[in-house]
file final.csv (CSV, C-alpha atoms and all ligand atoms)
chain,number,residue,atom,x,y,z
A,1,TYR,CA,68.1,69.2,57.2
A,2,VAL,CA,64.6,70.8,57.5
A,3,GLY,CA,63.6,67.6,59.5
A,4,ASN,CA,66.6,68.3,61.8
A,5,VAL,CA,65.5,71.8,62.4
A,6,SER,CA,61.9,70.9,63.4
A,7,HIS,CA,63.2,68.1,65.5
A,8,GLU,CA,65.6,70.4,67.4
A,9,LEU,CA,62.8,73.0,67.9
A,10,LYS,CA,60.2,70.4,69.0
A,11,THR,CA,61.9,69.7,72.3
A,12,PRO,CA,61.8,73.3,73.7
A,13,ILE,CA,58.3,73.9,72.2
A,14,PHE,CA,56.8,70.9,73.8
A,15,SER,CA,58.4,71.7,77.1
A,16,ILE,CA,57.1,75.3,77.0
A,17,GLN,CA,53.6,73.9,76.2
A,18,GLY,CA,53.8,71.5,79.1
A,19,TYR,CA,54.8,74.1,81.6
A,20,ILE,CA,52.2,76.6,80.5
A,21,ALA,CA,49.4,74.0,80.5
A,22,THR,CA,50.3,73.0,84.0
A,23,LEU,CA,50.3,76.6,85.1
A,24,LEU,CA,46.9,77.3,83.5
A,25,ASP,CA,45.6,74.1,85.1
A,26,GLY,CA,46.0,75.7,88.5
A,27,GLY,CA,49.7,75.5,88.9
A,28,ILE,CA,49.9,79.3,88.8
A,29,ASP,CA,48.5,79.3,92.4
A,30,ASP,CA,51.0,76.7,93.7
A,31,PRO,CA,54.0,78.6,95.1
A,32,ALA,CA,56.0,75.3,95.0
A,33,ILE,CA,56.0,75.3,91.2
A,34,ASN,CA,54.8,78.6,89.7
A,35,THR,CA,58.2,80.4,89.6
A,36,LYS,CA,60.1,77.2,88.8
A,37,TYR,CA,58.0,76.4,85.8
A,38,LEU,CA,58.2,80.0,84.5
A,39,GLU,CA,61.9,79.8,84.8
A,40,LYS,CA,62.0,76.5,82.9
A,41,ALA,CA,59.8,77.9,80.2
A,42,ASP,CA,62.1,80.9,79.9
A,43,LYS,CA,65.1,78.7,79.5
A,44,ALA,CA,63.4,76.7,76.7
A,45,ILE,CA,62.6,80.0,75.0
A,46,GLN,CA,66.3,81.1,75.3
A,47,ARG,CA,67.2,77.8,73.7
A,48,MET,CA,64.9,78.3,70.8
A,49,THR,CA,66.2,81.9,70.3
A,50,SER,CA,69.8,80.6,70.2
A,51,ILE,CA,68.9,77.9,67.6
A,52,VAL,CA,67.1,80.4,65.4
A,53,ARG,CA,69.9,83.0,65.7
A,54,ASP,CA,72.6,80.4,64.8
A,55,LEU,CA,70.5,79.0,61.9
A,56,ASP,CA,70.1,82.5,60.6
A,57,ALA,CA,73.8,83.1,60.7
A,58,ILE,CA,74.5,79.8,58.9
A,59,THR,CA,71.9,80.6,56.2
A,60,ARG,CA,73.3,84.1,55.6
A,61,LEU,CA,76.9,82.7,55.4
A,62,GLU,CA,75.7,80.0,52.9
A,63,THR,CA,73.9,82.4,50.6
A,64,GLY,CA,77.0,84.7,50.6
A,65,GLU,CA,74.9,87.5,52.0
A,66,LEU,CA,77.4,87.8,54.9
A,67,LYS,CA,80.7,88.2,53.0
A,68,PRO,CA,83.8,88.8,55.1
A,69,ASP,CA,84.7,92.4,55.4
A,70,LYS,CA,88.5,92.1,55.7
A,71,THR,CA,90.6,94.6,57.6
A,72,ASN,CA,94.1,94.4,59.1
A,73,PHE,CA,94.1,93.9,62.9
A,74,ASN,CA,96.1,92.5,65.8
A,75,ILE,CA,94.9,89.0,66.6
A,76,ILE,CA,96.6,89.2,70.1
A,77,THR,CA,94.2,92.0,71.1
A,78,LEU,CA,91.3,90.0,69.7
A,79,VAL,CA,92.2,86.9,71.7
A,80,LYS,CA,92.5,89.0,74.9
A,81,GLU,CA,89.0,90.4,74.2
A,82,VAL,CA,87.6,86.9,73.8
A,83,PHE,CA,89.3,85.7,77.0
A,84,GLU,CA,87.9,88.7,78.9
A,85,ALA,CA,84.4,87.9,77.7
A,86,GLN,CA,84.8,84.2,78.6
A,87,GLU,CA,86.4,84.7,82.0
A,88,PHE,CA,83.2,84.1,83.9
A,89,LEU,CA,82.5,80.8,82.0
A,90,ALA,CA,86.1,79.8,82.6
A,91,GLN,CA,86.0,80.5,86.3
A,92,SER,CA,82.7,78.6,86.7
A,93,HIS,CA,84.4,75.6,85.1
A,94,LYS,CA,87.6,76.1,87.0
A,95,VAL,CA,89.5,76.4,83.8
A,96,THR,CA,92.5,78.6,83.1
A,97,LEU,CA,92.8,80.6,79.9
A,98,ILE,CA,96.3,80.9,78.5
A,99,LEU,CA,97.6,83.1,75.7
A,100,GLU,CA,100.9,81.9,74.3
A,101,ALA,CA,102.3,84.6,72.1
A,102,ILE,CA,105.5,84.1,70.2
A,103,HIS,CA,106.7,87.4,71.5
A,104,ASP,CA,105.0,90.5,72.8
A,105,LYS,CA,104.7,92.2,69.5
A,106,PRO,CA,101.4,92.6,67.6
A,107,ILE,CA,100.5,89.8,65.1
A,108,MET,CA,98.6,91.4,62.3
A,109,VAL,CA,96.2,89.4,60.2
A,110,CYS,CA,93.9,90.3,57.3
A,111,ALA,CA,90.4,89.0,58.0
A,112,ASP,CA,86.9,90.0,59.1
A,113,ARG,CA,87.4,90.9,62.8
A,114,LYS,CA,83.8,90.3,63.9
A,115,TYR,CA,83.7,86.9,62.3
A,116,ILE,CA,87.1,85.8,63.8
A,117,HIS,CA,85.8,87.0,67.1
A,118,MET,CA,82.9,84.6,66.7
A,119,VAL,CA,85.2,81.8,65.7
A,120,LEU,CA,87.5,82.3,68.7
A,121,SER,CA,84.6,82.7,71.0
A,122,ASN,CA,83.0,79.5,69.9
A,123,LEU,CA,86.3,77.5,70.0
A,124,THR,CA,87.2,78.9,73.4
A,125,ALA,CA,83.7,78.3,74.9
A,126,ASN,CA,83.8,74.7,73.6
A,127,ALA,CA,87.3,74.2,75.0
A,128,ILE,CA,86.0,75.4,78.4
A,129,LYS,CA,82.7,73.5,78.4
A,130,TYR,CA,84.2,70.2,77.3
A,131,ASN,CA,87.2,70.4,79.6
A,132,ILE,CA,87.9,68.3,82.7
A,133,SER,CA,85.8,69.3,85.6
A,134,GLU,CA,88.6,71.0,87.6
A,135,GLY,CA,92.1,72.4,86.8
A,136,GLY,CA,91.7,72.3,83.1
A,137,LYS,CA,93.5,74.6,80.7
A,138,VAL,CA,92.7,76.3,77.4
A,139,THR,CA,95.7,77.6,75.4
A,140,VAL,CA,95.7,79.7,72.3
A,141,LYS,CA,98.9,79.5,70.3
A,142,PHE,CA,100.2,81.0,67.0
A,143,TYR,CA,102.5,79.5,64.4
A,144,ASP,CA,104.1,81.6,61.7
A,145,MET,CA,103.7,80.1,58.2
A,146,ASP,CA,105.1,82.7,55.9
A,147,ALA,CA,102.0,84.4,54.3
A,148,PHE,CA,99.7,82.7,56.8
A,149,LEU,CA,99.2,82.4,60.5
A,150,LEU,CA,98.2,79.2,62.1
A,151,ILE,CA,96.0,79.6,65.2
A,152,GLU,CA,95.5,76.8,67.6
A,153,VAL,CA,93.0,76.5,70.4
A,154,VAL,CA,94.0,73.5,72.5
A,155,ASP,CA,92.3,72.1,75.7
A,156,THR,CA,93.0,69.5,78.3
A,157,GLY,CA,89.4,68.2,78.1
A,158,ILE,CA,87.4,65.1,77.5
A,159,GLY,CA,88.4,64.7,73.9
A,160,ILE,CA,86.4,63.6,70.8
A,161,PRO,CA,86.2,60.0,69.6
A,162,GLN,CA,88.0,59.4,66.3
A,163,SER,CA,84.8,58.3,64.6
A,164,ASP,CA,83.0,61.6,65.5
A,165,GLN,CA,85.9,64.0,64.6
A,166,LYS,CA,84.8,64.4,61.0
A,167,ARG,CA,81.2,64.9,61.8
A,168,ILE,CA,81.4,67.6,64.6
A,169,PHE,CA,81.3,70.4,62.0
A,170,GLU,CA,77.9,69.2,60.7
A,171,ARG,CA,74.8,71.1,61.9
A,172,PHE,CA,73.3,69.8,65.1
A,173,TYR,CA,75.9,67.0,65.4
A,174,ARG,CA,76.9,66.4,69.0
A,175,VAL,CA,79.0,63.7,70.5
A,176,ASP,CA,77.1,63.7,73.8
A,177,ARG,CA,73.6,65.3,73.3
A,178,SER,CA,72.8,65.6,77.0
A,179,ARG,CA,76.1,67.1,77.9
A,180,SER,CA,75.8,69.7,75.1
A,181,ARG,CA,72.3,70.6,76.1
A,182,GLU,CA,73.3,70.9,79.8
A,183,GLN,CA,75.9,73.4,78.6
A,184,GLY,CA,73.3,75.4,76.6
A,185,GLY,CA,74.8,74.2,73.3
A,186,THR,CA,72.8,74.2,70.0
A,187,GLY,CA,75.1,71.9,68.1
A,188,LEU,CA,75.5,74.7,65.5
A,189,GLY,CA,78.7,76.5,66.8
A,190,LEU,CA,81.3,74.5,64.9
A,191,SER,CA,79.2,74.6,61.8
A,192,ILE,CA,79.2,78.4,61.9
A,193,VAL,CA,83.0,78.3,62.7
A,194,LYS,CA,83.7,76.2,59.6
A,195,HIS,CA,81.5,78.4,57.3
A,196,ILE,CA,83.3,81.5,58.5
A,197,ILE,CA,86.8,80.0,57.9
A,198,GLU,CA,85.7,78.7,54.5
A,199,ALA,CA,84.3,82.2,53.6
A,200,HIS,CA,87.9,83.4,54.2
A,201,GLU,CA,89.1,80.6,51.9
A,202,GLN,CA,91.0,79.0,54.8
A,203,THR,CA,90.8,75.7,56.5
A,204,ILE,CA,90.1,74.3,60.0
A,205,HIS,CA,91.2,71.0,61.4
A,206,VAL,CA,90.7,69.0,64.6
A,207,LYS,CA,93.0,66.6,66.4
A,208,SER,CA,91.9,64.9,69.6
A,209,THR,CA,92.6,62.2,72.1
A,210,ILE,CA,90.0,60.8,74.5
A,211,ASN,CA,90.6,62.0,78.1
A,212,LYS,CA,93.6,64.1,77.0
A,213,GLY,CA,92.1,66.9,75.0
A,214,SER,CA,91.4,68.5,71.7
A,215,SER,CA,93.2,70.9,69.4
A,216,PHE,CA,91.5,73.0,66.7
A,217,THR,CA,93.7,74.7,64.2
A,218,PHE,CA,92.8,77.2,61.5
A,219,THR,CA,94.8,79.5,59.2
A,220,LEU,CA,94.4,83.2,58.4
A,221,GLU,CA,96.1,85.5,55.9
A,222,LYS,CA,98.8,87.7,57.5
A,223,SER,CA,98.7,91.4,56.7
A,224,LYS,CA,100.9,92.4,53.9
B,301,LIG,P1,77.6,72.5,70.9
B,301,LIG,O1,76.6,73.6,70.9
B,301,LIG,O2,76.9,71.2,71.2
B,301,LIG,O3,78.8,72.7,71.7
B,301,LIG,P2,79.3,72.6,68.5
B,301,LIG,O4,78.9,72.6,67.1
B,301,LIG,O5,80.0,73.8,69.0
B,301,LIG,O6,78.0,72.4,69.3
B,301,LIG,O7,80.1,71.3,68.8
B,301,LIG,C1,79.6,70.1,68.3
B,301,LIG,C2,80.0,68.9,69.3
B,301,LIG,O8,81.4,68.7,69.2
B,301,LIG,C3,79.8,69.2,70.8
B,301,LIG,O9,78.5,68.9,71.1
B,301,LIG,C4,80.8,68.3,71.4
B,301,LIG,O10,80.3,67.0,71.5
B,301,LIG,C5,82.0,68.3,70.4
B,301,LIG,N1,83.0,69.3,70.8
B,301,LIG,C6,83.2,70.5,70.3
B,301,LIG,N2,84.3,71.1,70.8
B,301,LIG,C7,84.9,70.2,71.7
B,301,LIG,C8,86.0,70.2,72.5
B,301,LIG,N3,86.9,71.2,72.6
B,301,LIG,N4,86.2,69.1,73.3
B,301,LIG,C9,85.4,68.0,73.2
B,301,LIG,N5,84.3,67.9,72.4
B,301,LIG,C10,84.0,69.0,71.7

call {"tool": "encode", "arguments": {"input": "final.csv", "output": "structure tokens", "more": "lines below"}}
Ligand code: ADP
result
Amino acid sequence: YVGNVSHELKTPIFSIQGYIATLLDGGIDDPAINTKYLEKADKAIQRMTSIVRDLDAITRLETGELKPDKTNFNIITLVKEVFEAQEFLAQSHKVTLILEAIHDKPIMVCADRKYIHMVLSNLTANAIKYNISEGGKVTVKFYDMDAFLLIEVVDTGIGIPQSDQKRIFERFYRVDRSRSREQGGTGLGLSIVKHIIEAHEQTIHVKSTINKGSSFTFTLEKSK
């Protein structure tokens, strides 16, 4: 795992070193590359920051330092907030976000609102990023299961090969490394999602068909 971390950090570190060395070597006076190289170095720094931030969250979830702070809240409102925040990403991928509520009434759950916001943001962002290139859809659905609520985030995307499905929740595991990197992914999102759901003593599952799409489902306790 430690080896994984240093490997993941090496790529951005080496590229920053390369850009800075070239700039110091005289590139700074070359208008054809100076701004471009600074922008590339900045992007690599952003990548390192995301990795460190995500690893920090995982470590704190694992040590139990970040225990869920459960309250009762309306999950419909939360999904609407997540959709609003992801609207720009969705538009840039030409993907439509759909909320399929059972009825227009609030659906109250008992969970850590901030954490579930993180879960829904991660699942929605993935469903957008790994969707088909145009005309894709991401739908959030709810299923009543007595004391629990089942929440599904389903997309019309590229799908996940059967053999990778049980590994995607592992840290840094990516089906297509270059596609993930292109999208600014750290490979840690689903690991964080799984930790959060498990900290709530609930479960998360994936079902997926290549070129058809993926469905992620997790449960939450309903408010009493
Ligand atoms: P990343 O930062 O790479 O998106 P995640 O931990 O969120 O990392 O996801 C791990 C990998 O699982 C992704 O790189 C991608 O290959 C795959 N994946 C996750 N969500 C989806 C999805 N909705 N459709 C297809 N592939 C997905």

call {"tool": "residues_around", "arguments": {"input": "final.csv", "residues": "region 39-51 of chain A", "least_positions_apart": "6", "cutoff": "10 Å", "atoms": "all atoms listed in the file", "output": "number ranges by chain"}}
result
A: 5, 8-20, 33, 57, 172, 181, 184-189

call {"tool": "closest_residue", "arguments": {"input": "final.csv", "among": "A:Ile76, A:Val206, A:Val119, A:Ile28", "to": "Asp164 (chain A)", "atoms": "all atoms listed in the file"}}
result
A:Val206

call {"tool": "atom_distance", "arguments": {"input": "final.csv", "atom1": "CA of Arg174 (chain A)", "atom2": "CA of Leu89 (chain A)"}}
result
20.2 Å

call {"tool": "closest_residue", "arguments": {"input": "final.csv", "among": "A:Asp56, A:Glu152, A:Glu65, A:Glu170", "to": "Ala127 (chain A)", "atoms": "only C-alpha atoms"}}
result
A:Glu152

call {"tool": "residues_near_point", "arguments": {"input": "final.csv", "point": "(95.1, 94.3, 66.1)", "cutoff": "12 Å", "atoms": "all atoms listed in the file", "output": "list in words"}}
result
Thr71, Asn72, Phe73, Asn74, Ile75, Ile76, Thr77, Leu78, Val79, Lys80, Glu81, Lys105, Pro106, Ile107, Met108, Val109, Cys110, Ala111, Asp112, Arg113, Ile116, His117, Lys222 and Ser223 of chain A

call {"tool": "write_last_selection", "arguments": {"input": "final.csv", "atoms": "C-alpha atoms", "output": "PDB file, in the coordinates of the input"}}
result
ATOM      1  CA  THR A  71      90.600  94.600  57.600  1.00  0.00           C
ATOM      2  CA  ASN A  72      94.100  94.400  59.100  1.00  0.00           C
ATOM      3  CA  PHE A  73      94.100  93.900  62.900  1.00  0.00           C
ATOM      4  CA  ASN A  74      96.100  92.500  65.800  1.00  0.00           C
ATOM      5  CA  ILE A  75      94.900  89.000  66.600  1.00  0.00           C
ATOM      6  CA  ILE A  76      96.600  89.200  70.100  1.00  0.00           C
ATOM      7  CA  THR A  77      94.200  92.000  71.100  1.00  0.00           C
ATOM      8  CA  LEU A  78      91.300  90.000  69.700  1.00  0.00           C
ATOM      9  CA  VAL A  79      92.200  86.900  71.700  1.00  0.00           C
ATOM     10  CA  LYS A  80      92.500  89.000  74.900  1.00  0.00           C
ATOM     11  CA  GLU A  81      89.000  90.400  74.200  1.00  0.00           C
ATOM     12  CA  LYS A 105     104.700  92.200  69.500  1.00  0.00           C
ATOM     13  CA  PRO A 106     101.400  92.600  67.600  1.00  0.00           C
ATOM     14  CA  ILE A 107     100.500  89.800  65.100  1.00  0.00           C
ATOM     15  CA  MET A 108      98.600  91.400  62.300  1.00  0.00           C
ATOM     16  CA  VAL A 109      96.200  89.400  60.200  1.00  0.00           C
ATOM     17  CA  CYS A 110      93.900  90.300  57.300  1.00  0.00           C
ATOM     18  CA  ALA A 111      90.400  89.000  58.000  1.00  0.00           C
ATOM     19  CA  ASP A 112      86.900  90.000  59.100  1.00  0.00           C
ATOM     20  CA  ARG A 113      87.400  90.900  62.800  1.00  0.00           C
ATOM     21  CA  ILE A 116      87.100  85.800  63.800  1.00  0.00           C
ATOM     22  CA  HIS A 117      85.800  87.000  67.100  1.00  0.00           C
ATOM     23  CA  LYS A 222      98.800  87.700  57.500  1.00  0.00           C
ATOM     24  CA  SER A 223      98.700  91.400  56.700  1.00  0.00           C
TER      25      SER A 223
END

call {"tool": "closest_residue", "arguments": {"input": "final.csv", "among": "A:Tyr130, A:Phe88, A:Tyr115, A:Tyr37", "to": "Ile210 (chain A)", "atoms": "all atoms listed in the file"}}
result
A:Tyr130

call {"tool": "closest_residue", "arguments": {"input": "final.csv", "among": "A:His93, A:Lys166, A:Arg60, A:Lys137", "to": "Ser208 (chain A)", "atoms": "only C-alpha atoms"}}
result
A:Lys166

call {"tool": "atom_distance", "arguments": {"input": "final.csv", "atom1": "CA of Ile192 (chain A)", "atom2": "CA of Asn131 (chain A)"}}
result
21.0 Å

call {"tool": "atom_distance", "arguments": {"input": "final.csv", "atom1": "CA of Ile197 (chain A)", "atom2": "CA of Leu61 (chain A)"}}
result
10.6 Å

call {"tool": "residues_around", "arguments": {"input": "final.csv", "residues": "Glu62 (chain A)", "least_positions_apart": "3", "cutoff": "12 Å", "atoms": "all atoms listed in the file", "output": "ChimeraX atom specification"}}
result
/A:55-59,65-67,191-192,194-196,198-199

call {"tool": "write_last_selection", "arguments": {"input": "final.csv", "atoms": "C-alpha atoms", "output": "mmCIF file, in the frame of the given file"}}
result
data_model
loop_
_atom_site.group_PDB
_atom_site.id
_atom_site.type_symbol
_atom_site.label_atom_id
_atom_site.label_comp_id
_atom_site.auth_asym_id
_atom_site.auth_seq_id
_atom_site.Cartn_x
_atom_site.Cartn_y
_atom_site.Cartn_z
ATOM 1 C CA LEU A 55 70.500 79.000 61.900
ATOM 2 C CA ASP A 56 70.100 82.500 60.600
ATOM 3 C CA ALA A 57 73.800 83.100 60.700
ATOM 4 C CA ILE A 58 74.500 79.800 58.900
ATOM 5 C CA THR A 59 71.900 80.600 56.200
ATOM 6 C CA GLU A 65 74.900 87.500 52.000
ATOM 7 C CA LEU A 66 77.400 87.800 54.900
ATOM 8 C CA LYS A 67 80.700 88.200 53.000
ATOM 9 C CA SER A 191 79.200 74.600 61.800
ATOM 10 C CA ILE A 192 79.200 78.400 61.900
ATOM 11 C CA LYS A 194 83.700 76.200 59.600
ATOM 12 C CA HIS A 195 81.500 78.400 57.300
ATOM 13 C CA ILE A 196 83.300 81.500 58.500
ATOM 14 C CA GLU A 198 85.700 78.700 54.500
ATOM 15 C CA ALA A 199 84.300 82.200 53.600
#

call {"tool": "closest_residue", "arguments": {"input": "final.csv", "among": "A:Leu99, A:Ala125, A:Ala147, A:Leu24", "to": "Thr219 (chain A)", "atoms": "all atoms listed in the file"}}
result
A:Ala147

call {"tool": "closest_residue", "arguments": {"input": "final.csv", "among": "A:Tyr143, A:Asp54, A:Gln202, A:Phe83", "to": "ligand LIG 301 (chain B)", "atoms": "all atoms listed in the file"}}
result
A:Asp54

call {"tool": "residues_around", "arguments": {"input": "final.csv", "residues": "Thr209 (chain A)", "least_positions_apart": "4", "cutoff": "10 Å", "atoms": "all atoms listed in the file", "output": "list in words"}}
result
Thr156, Gly157, Ile158, Gly159, Ile160, Pro161, Gln162, Gly213, Ser214 and Ser215 of chain A

call {"tool": "build_atoms", "arguments": {"input": "final.csv", "residues": "region 183-203 of chain A", "atoms": "N, CA, C and O atoms", "output": "short mmCIF file (atom, residue, chain, number, x, y, z; two decimals), keeping the file's coordinate frame"}}
result
data_model
loop_
_atom_site.label_atom_id
_atom_site.label_comp_id
_atom_site.auth_asym_id
_atom_site.auth_seq_id
_atom_site.Cartn_x
_atom_site.Cartn_y
_atom_site.Cartn_z
N GLN A 183 75.02 72.28 78.75
CA GLN A 183 75.90 73.40 78.60
C GLN A 183 75.26 74.55 77.80
O GLN A 183 75.92 75.54 77.47
N GLY A 184 74.01 74.36 77.40
CA GLY A 184 73.30 75.40 76.60
C GLY A 184 73.74 75.39 75.15
O GLY A 184 73.56 76.39 74.45
N GLY A 185 74.30 74.29 74.67
CA GLY A 185 74.80 74.20 73.30
C GLY A 185 73.64 73.96 72.28
O GLY A 185 72.66 73.31 72.62
N THR A 186 73.80 74.49 71.06
CA THR A 186 72.80 74.20 70.00
C THR A 186 73.28 73.19 69.01
O THR A 186 72.52 72.74 68.19
N GLY A 187 74.57 72.85 69.08
CA GLY A 187 75.10 71.90 68.10
C GLY A 187 75.41 72.62 66.76
O GLY A 187 75.67 71.97 65.76
N LEU A 188 75.35 73.95 66.77
CA LEU A 188 75.50 74.70 65.50
C LEU A 188 76.85 75.50 65.51
O LEU A 188 77.28 75.98 64.47
N GLY A 189 77.49 75.61 66.69
CA GLY A 189 78.70 76.50 66.80
C GLY A 189 79.78 76.12 65.84
O GLY A 189 80.28 76.99 65.12
N LEU A 190 80.16 74.85 65.78
CA LEU A 190 81.30 74.50 64.90
C LEU A 190 80.91 74.57 63.43
O LEU A 190 81.77 74.77 62.58
N SER A 191 79.61 74.43 63.13
CA SER A 191 79.20 74.60 61.80
C SER A 191 79.36 76.05 61.32
O SER A 191 79.84 76.33 60.22
N ILE A 192 79.03 76.97 62.22
CA ILE A 192 79.20 78.40 61.90
C ILE A 192 80.72 78.70 61.78
O ILE A 192 81.14 79.37 60.84
N VAL A 193 81.53 78.14 62.70
CA VAL A 193 83.00 78.30 62.70
C VAL A 193 83.55 77.91 61.29
O VAL A 193 84.30 78.64 60.64
N LYS A 194 83.13 76.72 60.84
CA LYS A 194 83.70 76.20 59.60
C LYS A 194 83.22 77.08 58.40
O LYS A 194 84.03 77.38 57.51
N HIS A 195 81.96 77.51 58.41
CA HIS A 195 81.50 78.40 57.30
C HIS A 195 82.30 79.68 57.29
O HIS A 195 82.63 80.16 56.21
N ILE A 196 82.59 80.24 58.46
CA ILE A 196 83.30 81.50 58.50
C ILE A 196 84.76 81.30 57.94
O ILE A 196 85.23 82.09 57.12
N ILE A 197 85.42 80.22 58.38
CA ILE A 197 86.80 80.00 57.90
C ILE A 197 86.78 79.74 56.40
O ILE A 197 87.63 80.24 55.67
N GLU A 198 85.79 79.00 55.92
CA GLU A 198 85.70 78.70 54.50
C GLU A 198 85.38 80.01 53.69
O GLU A 198 85.87 80.17 52.57
N ALA A 199 84.59 80.89 54.28
CA ALA A 199 84.30 82.20 53.60
C ALA A 199 85.57 83.00 53.47
O ALA A 199 85.66 83.88 52.62
N HIS A 200 86.57 82.72 54.32
CA HIS A 200 87.90 83.40 54.20
C HIS A 200 88.84 82.60 53.33
O HIS A 200 90.02 82.93 53.26
N GLU A 201 88.33 81.53 52.71
CA GLU A 201 89.10 80.60 51.90
C GLU A 201 90.28 80.00 52.64
O GLU A 201 91.39 79.86 52.13
N GLN A 202 90.01 79.69 53.91
CA GLN A 202 91.00 79.00 54.80
C GLN A 202 90.44 77.71 55.25
O GLN A 202 89.30 77.36 54.92
N THR A 203 91.25 76.97 56.04
CA THR A 203 90.80 75.70 56.50
C THR A 203 90.87 75.52 58.01
O THR A 203 91.63 76.23 58.66
#
